[in-house]
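A.B. asks: First the structure, which I've put down as structure tokens, then a few questions once you've had a look.
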Amino acid sequence: MYITQEIVNMNLQENIRRILREEEDRYDDKVGKTFWFEYHCYESPESCDAEIWYRSHQKVKVIGVSEWSYDDKEWRQEDGNPRVYLVQWEDGFQYDVFEDELMESPNEFYRPSPPKRKIQENIRRILREEYDEAGKRKSFEQPIKFFYTKYLKENPIEYKGIYLHPTYHENQDVLTWEIENPEDYSFNGEILKEKIVGEFKDFCVLVNLDFYGTQRRVYLIENMPNGWYYLNEKDRNFIETVLSNKKYLEFNADDSQFMLNFTYKRLSIQINSDIIELNTAGYFNGVKIDEDGKEHILDHNFLQKMSDNEYDEMREDFLFNGFYNEVINYLSQNPRFYEHMVDMWDLHIQPLKEK
């Protein structure tokens with residue numbers, strides 16, 4: 001390779017800059033001294049720097065200069081960012097902090113003190129440190145046991161007054177659960193299962209474990225009600241009363257008018273993943289008036305005689321905004337039964353044949 005004088009000069013200049021930079025860093029007036037640290041970035045447990053947010057308003061010792069993500073001081077200054085220092089807390093923890101976060105006295109603080117860690121956040125931090133020490137050097141023989149003992153600490157998961165109690169089965173490395181519902185809340189079993197799955201997924205992210213290959217070993221709820229839901233007496237009575245009071249139904253669908261007498265018989269609910277299916281059985285009879293004014297007698301077979309457009313409009317408009325409207329609004333107010341960003345409604349009616 002042919003090396004030009006220009007390349008030689010560039011390398012020489014770079015070496016000179018490096019030597020000057022190292023010399024300047026060696027005599028930086030903060031290195032080796034102790035300061036008060038105050039965190040000045042995103043204040044949240046979700047922050048990538050949450051660890052030092054919780055350590056705000058504590059003393060630190062400056063270990064050295066860290067240009068962090070910059071190749072050199074000149075690039076950092078051109079980018080308009082302050083100097084970054086590597087500091088150490090009294091417990092030995094080290095991290096990079098900005099120079100404006102180092103203060104001579106607590107009198108200089110202008111941000112509020114951080115909150116105390118929540119119990120689960122403490123568990124996650126300790127777990128991460130513990131796994132860094134051991135887990136990455138050997139594969140887990142019993143990952144579910146590790147989740148149960150180290151992450152959950154053998155404690156139940158609580159969701160809005162409902163408790164999910166874990167039981168660990170060592171011979172299979174499996175976790176099962178029991179629902180405790182001391183306040184007798186109505187609930188959607190799929191939501192409770194997803195709370196378990198969510199905790200396990202967080203654990204898998206922390207320890208780099210295959211979530212999809214192991215999740216089936218942690219979410220079996222042994223006392224899950226049939227249909228994957230539970231309605232307490234108060235809620236069931238409200239829904240039964242609303243539907244029983246619907247004696248006359250009237251709606252338009254695809255330019256036809258439907259007028260029906262209705263006698264309520266029963267409601268069935270089925271949970272299918274994020275879909276809540278409501279199906280009301282009862283006796284229907286009445287008339288349909290088409291766009292030409294012609295009347296048609298309707299009996300228990302009226303759904304089968306509807307056109308596709310009539311049926312779709314009935315389900316999307318009348319059932320949602322009319323027939324089930326009060327029931328949906330009522331159940332949607334219970335976050336244990338319905339999650340607004342996830343769940344969907346699937347609405348049906350079931351005409352019964354008169355005896």
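Each chain of the structure tokens is named A, B, ... in the order shown, its residues numbered from 1; ligands are numbered from 1 in display order.
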Can you list, as a VMD selection string, every protein, DNA or RNA residue that comes within 7 Å of segment 205-219 of chain A when you count only C-alpha atoms, leaving out same-chain residues fewer than 3 positions away?
C.D. replies: chain A and resid 128 131 174 to 176 193 196 to 197 201 to 202
A.B. asks: Mind listing the strand (DSSP E) residues of segment 101-267 of chain A, per DSSP on the backbone, as a ChimeraX atom specification?
C.D. replies: /A:102-103,157-159,162-169,174-180,187-188,220-221,229-230,248-253,256-267
A.B. asks: Output C-alpha atoms of each residue in that selection to a file, as a short mmCIF file (atom, residue, chain, number, x, y, z; two decimals), in the first residue's frame.
C.D. replies:
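What landed in again_37.cif:
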data_model
loop_
_atom_site.label_atom_id
_atom_site.label_comp_id
_atom_site.auth_asym_id
_atom_site.auth_seq_id
_atom_site.Cartn_x
_atom_site.Cartn_y
_atom_site.Cartn_z
CA LEU A 102 -22.42 16.99 39.47
CA MET A 103 -22.94 19.56 42.22
CA ILE A 157 -49.62 -11.46 41.43
CA GLU A 158 -52.29 -8.91 42.35
CA TYR A 159 -54.48 -7.29 39.72
CA ILE A 162 -57.81 -10.20 42.46
CA TYR A 163 -54.88 -12.39 43.57
CA LEU A 164 -53.18 -15.08 41.51
CA HIS A 165 -51.35 -17.52 43.79
CA PRO A 166 -48.54 -19.56 42.18
CA THR A 167 -47.65 -23.17 42.96
CA TYR A 168 -44.37 -24.58 41.67
CA HIS A 169 -44.13 -28.23 40.54
CA VAL A 174 -44.11 -25.95 35.82
CA LEU A 175 -46.10 -23.21 37.53
CA THR A 176 -49.85 -23.38 38.16
CA TRP A 177 -52.12 -20.75 39.67
CA GLU A 178 -55.20 -20.34 41.86
CA ILE A 179 -57.52 -17.33 41.66
CA GLU A 180 -58.45 -15.64 44.93
CA PHE A 187 -63.60 -10.85 35.77
CA ASN A 188 -62.40 -11.97 32.36
CA LEU A 220 -52.29 -22.75 33.77
CA ILE A 221 -54.97 -21.42 36.15
CA TYR A 229 -65.25 -15.52 32.85
CA TYR A 230 -67.05 -14.87 36.12
CA TYR A 248 -90.05 -4.51 21.55
CA LEU A 249 -87.21 -4.17 19.04
CA GLU A 250 -87.14 -1.91 16.02
CA PHE A 251 -84.27 -1.26 13.60
CA ASN A 252 -83.48 -0.50 9.97
CA ALA A 253 -81.16 -2.61 7.83
CA SER A 256 -85.83 -2.44 5.30
CA GLN A 257 -87.58 -1.84 8.63
CA PHE A 258 -87.75 -4.61 11.22
CA MET A 259 -90.30 -4.56 14.09
CA LEU A 260 -90.09 -7.45 16.55
CA ASN A 261 -91.61 -8.56 19.81
CA PHE A 262 -88.97 -10.13 22.04
CA THR A 263 -89.05 -12.37 25.11
CA TYR A 264 -85.70 -12.88 26.83
CA LYS A 265 -84.63 -16.40 27.72
CA ARG A 266 -80.89 -16.48 28.53
CA LEU A 267 -77.49 -14.88 27.87
#
A.B. asks: Do you know which residues are at most 12 Å from Glu108 of chain A counting only C-alpha atoms, after dropping those on the same chain fewer than 4 positions away, and could you put them as a list of chain:residue names?
C.D. replies: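 Listed by chain and then number, they are A:Phe35, A:Trp36, A:Phe37, A:Glu38, A:His57, A:Asp100, A:Glu101, A:Leu102, A:Met103, A:Glu104, A:Pro112.
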A.B. asks: Name all residues at most 12 Å from Ile52 of chain A (count only C-alpha atoms; drop same-chain ones fewer than 6 positions away) and give them as a PDB file with N, CA and C atoms, in the first residue's frame.
C.D. replies:
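Below you can see part01.pdb, which holds the result:
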ATOM      1  N   PHE A  37     -24.749  14.106  43.211  1.00  0.00           N
ATOM      2  CA  PHE A  37     -25.301  13.822  41.883  1.00  0.00           C
ATOM      3  C   PHE A  37     -26.802  14.104  41.861  1.00  0.00           C
ATOM      4  N   GLU A  38     -27.259  14.792  40.795  1.00  0.00           N
ATOM      5  CA  GLU A  38     -28.687  14.983  40.563  1.00  0.00           C
ATOM      6  C   GLU A  38     -29.001  14.639  39.110  1.00  0.00           C
ATOM      7  N   TYR A  39     -29.912  13.722  38.934  1.00  0.00           N
ATOM      8  CA  TYR A  39     -30.283  13.224  37.604  1.00  0.00           C
ATOM      9  C   TYR A  39     -31.088  14.279  36.843  1.00  0.00           C
ATOM     10  N   HIS A  40     -30.731  14.509  35.557  1.00  0.00           N
ATOM     11  CA  HIS A  40     -31.381  15.554  34.764  1.00  0.00           C
ATOM     12  C   HIS A  40     -31.907  15.026  33.429  1.00  0.00           C
ATOM     13  N   CYS A  41     -32.537  13.870  33.441  1.00  0.00           N
ATOM     14  CA  CYS A  41     -33.086  13.344  32.181  1.00  0.00           C
ATOM     15  C   CYS A  41     -34.477  12.780  32.461  1.00  0.00           C
ATOM     16  N   TYR A  42     -34.908  11.776  31.700  1.00  0.00           N
ATOM     17  CA  TYR A  42     -36.266  11.242  31.767  1.00  0.00           C
ATOM     18  C   TYR A  42     -36.491  10.560  33.112  1.00  0.00           C
ATOM     19  N   GLU A  43     -37.340  11.142  33.945  1.00  0.00           N
ATOM     20  CA  GLU A  43     -37.576  10.650  35.298  1.00  0.00           C
ATOM     21  C   GLU A  43     -38.734   9.655  35.294  1.00  0.00           C
ATOM     22  N   SER A  44     -38.400   8.386  35.111  1.00  0.00           N
ATOM     23  CA  SER A  44     -39.432   7.345  35.022  1.00  0.00           C
ATOM     24  C   SER A  44     -38.791   5.979  35.222  1.00  0.00           C
ATOM     25  N   PRO A  45     -39.526   5.025  35.807  1.00  0.00           N
ATOM     26  CA  PRO A  45     -39.020   3.653  35.884  1.00  0.00           C
ATOM     27  C   PRO A  45     -38.760   3.049  34.507  1.00  0.00           C
ATOM     28  N   GLN A  58     -27.500  11.604  45.678  1.00  0.00           N
ATOM     29  CA  GLN A  58     -26.521  10.855  46.469  1.00  0.00           C
ATOM     30  C   GLN A  58     -25.117  11.311  46.082  1.00  0.00           C
ATOM     31  N   LYS A  59     -24.151  11.005  46.941  1.00  0.00           N
ATOM     32  CA  LYS A  59     -22.760  11.367  46.664  1.00  0.00           C
ATOM     33  C   LYS A  59     -22.120  10.365  45.709  1.00  0.00           C
ATOM     34  N   VAL A  60     -21.250  10.899  44.828  1.00  0.00           N
ATOM     35  CA  VAL A  60     -20.509  10.055  43.891  1.00  0.00           C
ATOM     36  C   VAL A  60     -19.056  10.536  43.830  1.00  0.00           C
ATOM     37  N   VAL A  87     -18.593   7.962  37.050  1.00  0.00           N
ATOM     38  CA  VAL A  87     -18.622   8.167  38.493  1.00  0.00           C
ATOM     39  C   VAL A  87     -18.959   6.868  39.207  1.00  0.00           C
ATOM     40  N   GLN A  88     -18.667   6.861  40.502  1.00  0.00           N
ATOM     41  CA  GLN A  88     -18.942   5.671  41.307  1.00  0.00           C
ATOM     42  C   GLN A  88     -19.701   6.066  42.567  1.00  0.00           C
ATOM     43  N   TRP A  89     -20.794   5.317  42.842  1.00  0.00           N
ATOM     44  CA  TRP A  89     -21.573   5.532  44.061  1.00  0.00           C
ATOM     45  C   TRP A  89     -20.912   4.783  45.216  1.00  0.00           C
ATOM     46  N   PHE A  93     -21.394   0.962  42.498  1.00  0.00           N
ATOM     47  CA  PHE A  93     -22.034   1.052  41.184  1.00  0.00           C
ATOM     48  C   PHE A  93     -21.423   2.203  40.386  1.00  0.00           C
ATOM     49  N   GLN A  94     -21.132   1.964  39.105  1.00  0.00           N
ATOM     50  CA  GLN A  94     -20.517   2.973  38.237  1.00  0.00           C
ATOM     51  C   GLN A  94     -21.407   3.261  37.034  1.00  0.00           C
ATOM     52  N   TYR A  95     -21.370   4.524  36.584  1.00  0.00           N
ATOM     53  CA  TYR A  95     -22.183   4.924  35.434  1.00  0.00           C
ATOM     54  C   TYR A  95     -21.643   6.237  34.888  1.00  0.00           C
ATOM     55  N   ASP A  96     -21.966   6.534  33.625  1.00  0.00           N
ATOM     56  CA  ASP A  96     -21.590   7.810  33.024  1.00  0.00           C
ATOM     57  C   ASP A  96     -22.641   8.863  33.334  1.00  0.00           C
ATOM     58  N   VAL A  97     -22.207  10.074  33.728  1.00  0.00           N
ATOM     59  CA  VAL A  97     -23.131  11.170  34.015  1.00  0.00           C
ATOM     60  C   VAL A  97     -22.606  12.447  33.371  1.00  0.00           C
ATOM     61  N   PHE A  98     -23.505  13.386  33.112  1.00  0.00           N
ATOM     62  CA  PHE A  98     -23.115  14.670  32.534  1.00  0.00           C
ATOM     63  C   PHE A  98     -22.531  15.586  33.613  1.00  0.00           C
ATOM     64  N   GLU A 101     -24.688  17.446  36.054  1.00  0.00           N
ATOM     65  CA  GLU A 101     -25.379  16.660  37.073  1.00  0.00           C
ATOM     66  C   GLU A 101     -24.533  16.497  38.339  1.00  0.00           C
ATOM     67  N   SER A 113     -36.645  14.822  44.648  1.00  0.00           N
ATOM     68  CA  SER A 113     -35.988  13.555  44.963  1.00  0.00           C
ATOM     69  C   SER A 113     -36.742  12.409  44.300  1.00  0.00           C
ATOM     70  N   PRO A 114     -36.050  11.363  43.878  1.00  0.00           N
ATOM     71  CA  PRO A 114     -36.726  10.236  43.222  1.00  0.00           C
ATOM     72  C   PRO A 114     -37.576   9.469  44.224  1.00  0.00           C
ATOM     73  N   ARG A 117     -38.057   2.825  45.209  1.00  0.00           N
ATOM     74  CA  ARG A 117     -38.359   1.785  44.233  1.00  0.00           C
ATOM     75  C   ARG A 117     -39.565   0.976  44.672  1.00  0.00           C
ATOM     76  N   ARG A 125     -34.242  -5.381  39.465  1.00  0.00           N
ATOM     77  CA  ARG A 125     -32.859  -4.900  39.495  1.00  0.00           C
ATOM     78  C   ARG A 125     -31.945  -5.965  40.091  1.00  0.00           C
TER      79      ARG A 125
END
A.B. asks: So, counting only C-alpha atoms, which residue among A:Asn329, A:Asn171, A:Asn181, A:Ser105 is closest to Glu141 of chain A?
C.D. replies: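 Among A:Asn329, A:Asn171, A:Asn181, A:Ser105, it is A:Asn171 that comes nearest to Glu141 of chain A.
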